[in-house]
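Working notes, beginning with the structure itself.
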Amino acid sequence: MVKGWSFIVVITLIIGCGKGKSEQATMATAEAALSFKNIPNALAFNSAVDSVMATWSEYQAMDESFAVLRRASNPEDAILALDDLIEKERAVANAAYPEAFDQIQVKSRQRVIRTFLLKIRNNLEDRRPIDSVMIQLADAHNALRNQFNIIMIDTLDIKKLLSEE
């Protein structure tokens with residue numbers, strides 16, 4: 001009876017250890033190379049936004065960090081790029097916004113970007129896939145860039161509409 005139980009325990013251990021090795025091998029190959037080919041490209045700014053962005057150095061630095069993140073080829077590079085991008089995003093949040101962009105619409109979209117940056121960082125640390133979250137981050141970044149374009153195109157003056165003159 002004891003031999004039977006020991007045989008079952010040994011077989012269970014062998015099978016259990018074999019599954020762990022195959023899962024680790026799959027994770028190692030999955031994290032060996034990152035590919036951001038399916039990530040949407042950044043939207044272009046219109047000329048009015050370009051002129052305002054030329055004076056906003058914090059945002060330009062954050063935008064450059066997005067490009068660095070897209071070039072990351074392995075998880076370690078991506079983590080370094082994300083740490084830099086998170087710092088640059090904090091700098092943008094703490095800096096003075098240009099007058100045209102000092103609006104809740106811009107700040108809320110930036111907060112969404114921060115959320116996805118932290119989510120990607122967490123997924124990389126936990127060795128989980130980041131493909132879908134990277135697409136969400138790119139969409140959030142494009143939404144922010146699109147909001148800049150909309151603000152500069154919009155000629156409606158809300159303050160005049162709401163004033164009681």
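Chain labels run A, B, ... following the order of the structure tokens; each chain numbers its residues from 1, and ligands are numbered from 1 in the order shown.
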
What's the 8 Å shell around stretch 40-49 of chain A, counting only C-alpha atoms, without same-chain residues fewer than 2 positions away, as a VMD selection string?
chain A and resid 38 51 to 53 135 138 to 139 141 to 142 145 to 146 148 to 149 152

Quick one: residues within 10 Å of A:Glu89, only C-alpha atoms, excluding same-chain residues fewer than 6 positions away - as a list in words?
Glu58, Tyr59, Ala61, Met62, Asp63, Ser65, Asp83, Ala95, Gln110, Arg111, Ile113, Arg114 and Leu117 of chain A

To test your reading of the structure, identify every residue in stretch 32-146 of chain A that backbone DSSP assigns to helix (DSSP H, G or I), and report it as a ChimeraX atom specification.
/A:32,47-53,57-70,75-94,99-101,104-125,131-146

Written file, previous selection with C-alpha atoms, as a tab-separated table (two decimals), in the first residue's frame:
```tsv
chain	number	residue	atom	x	y	z
A	32	ALA	CA	12.34	37.56	-25.43
A	47	SER	CA	-0.04	73.75	-37.92
A	48	ALA	CA	-1.71	75.72	-35.12
A	49	VAL	CA	-0.91	73.00	-32.60
A	50	ASP	CA	2.67	72.74	-33.89
A	51	SER	CA	3.27	76.40	-33.12
A	52	VAL	CA	2.02	75.98	-29.52
A	53	MET	CA	3.92	72.71	-29.02
A	57	SER	CA	9.25	71.52	-23.86
A	58	GLU	CA	7.80	69.12	-21.27
A	59	TYR	CA	5.28	67.74	-23.74
A	60	GLN	CA	7.92	67.45	-26.47
A	61	ALA	CA	10.09	65.38	-24.10
A	62	MET	CA	7.13	63.13	-23.29
A	63	ASP	CA	6.38	62.67	-26.99
A	64	GLU	CA	10.00	61.68	-27.65
A	65	SER	CA	9.77	59.11	-24.85
A	66	PHE	CA	6.76	57.55	-26.59
A	67	ALA	CA	8.97	57.02	-29.63
A	68	VAL	CA	11.63	55.39	-27.45
A	69	LEU	CA	9.03	53.03	-25.99
A	70	ARG	CA	7.95	52.00	-29.50
A	75	PRO	CA	10.99	43.72	-21.60
A	76	GLU	CA	14.01	45.26	-19.89
A	77	ASP	CA	14.26	48.02	-22.51
A	78	ALA	CA	10.51	48.56	-22.29
A	79	ILE	CA	10.68	48.93	-18.49
A	80	LEU	CA	13.46	51.51	-18.79
A	81	ALA	CA	11.55	53.40	-21.47
A	82	LEU	CA	8.37	53.25	-19.38
A	83	ASP	CA	10.13	54.59	-16.29
A	84	ASP	CA	11.43	57.50	-18.36
A	85	LEU	CA	8.02	58.06	-19.93
A	86	ILE	CA	6.28	58.01	-16.54
A	87	GLU	CA	8.72	60.64	-15.26
A	88	LYS	CA	8.16	62.80	-18.34
A	89	GLU	CA	4.39	62.45	-17.98
A	90	ARG	CA	4.64	63.60	-14.35
A	91	ALA	CA	6.71	66.57	-15.50
A	92	VAL	CA	3.98	67.50	-17.98
A	93	ALA	CA	1.30	67.15	-15.32
A	94	ASN	CA	3.21	69.38	-12.89
A	99	GLU	CA	-3.12	78.72	-22.06
A	100	ALA	CA	-4.98	77.09	-24.95
A	101	PHE	CA	-4.50	73.60	-23.51
A	104	ILE	CA	-10.02	69.61	-18.23
A	105	GLN	CA	-10.38	67.75	-21.55
A	106	VAL	CA	-6.61	67.67	-21.95
A	107	LYS	CA	-5.84	66.85	-18.33
A	108	SER	CA	-8.31	63.97	-18.21
A	109	ARG	CA	-6.85	62.42	-21.34
A	110	GLN	CA	-3.40	62.76	-19.88
A	111	ARG	CA	-4.57	60.97	-16.74
A	112	VAL	CA	-5.81	58.10	-18.91
A	113	ILE	CA	-2.35	57.89	-20.47
A	114	ARG	CA	-0.81	57.72	-16.98
A	115	THR	CA	-3.16	54.88	-16.09
A	116	PHE	CA	-2.15	52.83	-19.13
A	117	LEU	CA	1.56	53.53	-18.53
A	118	LEU	CA	1.29	52.16	-15.02
A	119	LYS	CA	-0.75	49.19	-16.23
A	120	ILE	CA	1.90	48.32	-18.83
A	121	ARG	CA	4.65	48.68	-16.23
A	122	ASN	CA	2.79	46.33	-13.91
A	123	ASN	CA	2.20	43.79	-16.69
A	124	LEU	CA	5.89	43.80	-17.61
A	125	GLU	CA	6.92	43.27	-14.00
A	131	ASP	CA	-0.03	43.89	-26.52
A	132	SER	CA	-3.63	44.90	-25.83
A	133	VAL	CA	-2.63	47.50	-23.23
A	134	MET	CA	-0.08	49.01	-25.64
A	135	ILE	CA	-2.85	49.43	-28.21
A	136	GLN	CA	-5.00	51.12	-25.54
A	137	LEU	CA	-2.08	53.40	-24.64
A	138	ALA	CA	-1.56	54.35	-28.29
A	139	ASP	CA	-5.28	55.07	-28.63
A	140	ALA	CA	-5.20	57.24	-25.49
A	141	HIS	CA	-2.14	59.09	-26.79
A	142	ASN	CA	-3.88	59.67	-30.12
A	143	ALA	CA	-6.98	60.89	-28.29
A	144	LEU	CA	-4.85	63.46	-26.47
A	145	ARG	CA	-3.20	64.59	-29.70
A	146	ASN	CA	-6.61	64.76	-31.40
```

Atom CA of A:Asp126 and atom CA of A:Lys37, how far apart in Å?
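We find that atom CA of A:Lys37 and atom CA of A:Asp126 lie 22.4 Å from each other.
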
I'd like to know which of A:Ala54, A:Leu161, A:Leu34, A:Ala96 is closest to A:Arg71, using only C-alpha atoms.
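Of A:Ala54, A:Leu161, A:Leu34, A:Ala96, the one nearest A:Arg71 is A:Leu34, counting only C-alpha atoms.
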
With distances taken over only C-alpha atoms, which residue among A:Ile39, A:Ile130, A:Ile151, A:Ala72 lies nearest A:Gln103?
A:Ile151

Closest of A:Gly4, A:Ser73, A:Asp102, A:Phe36 to A:Gln147, counting only C-alpha atoms, is A:Asp102

Calculate how many Å separate atom CA of A:Arg127 from atom CA of A:Ile14, rounding to one decimal.
25.0 Å
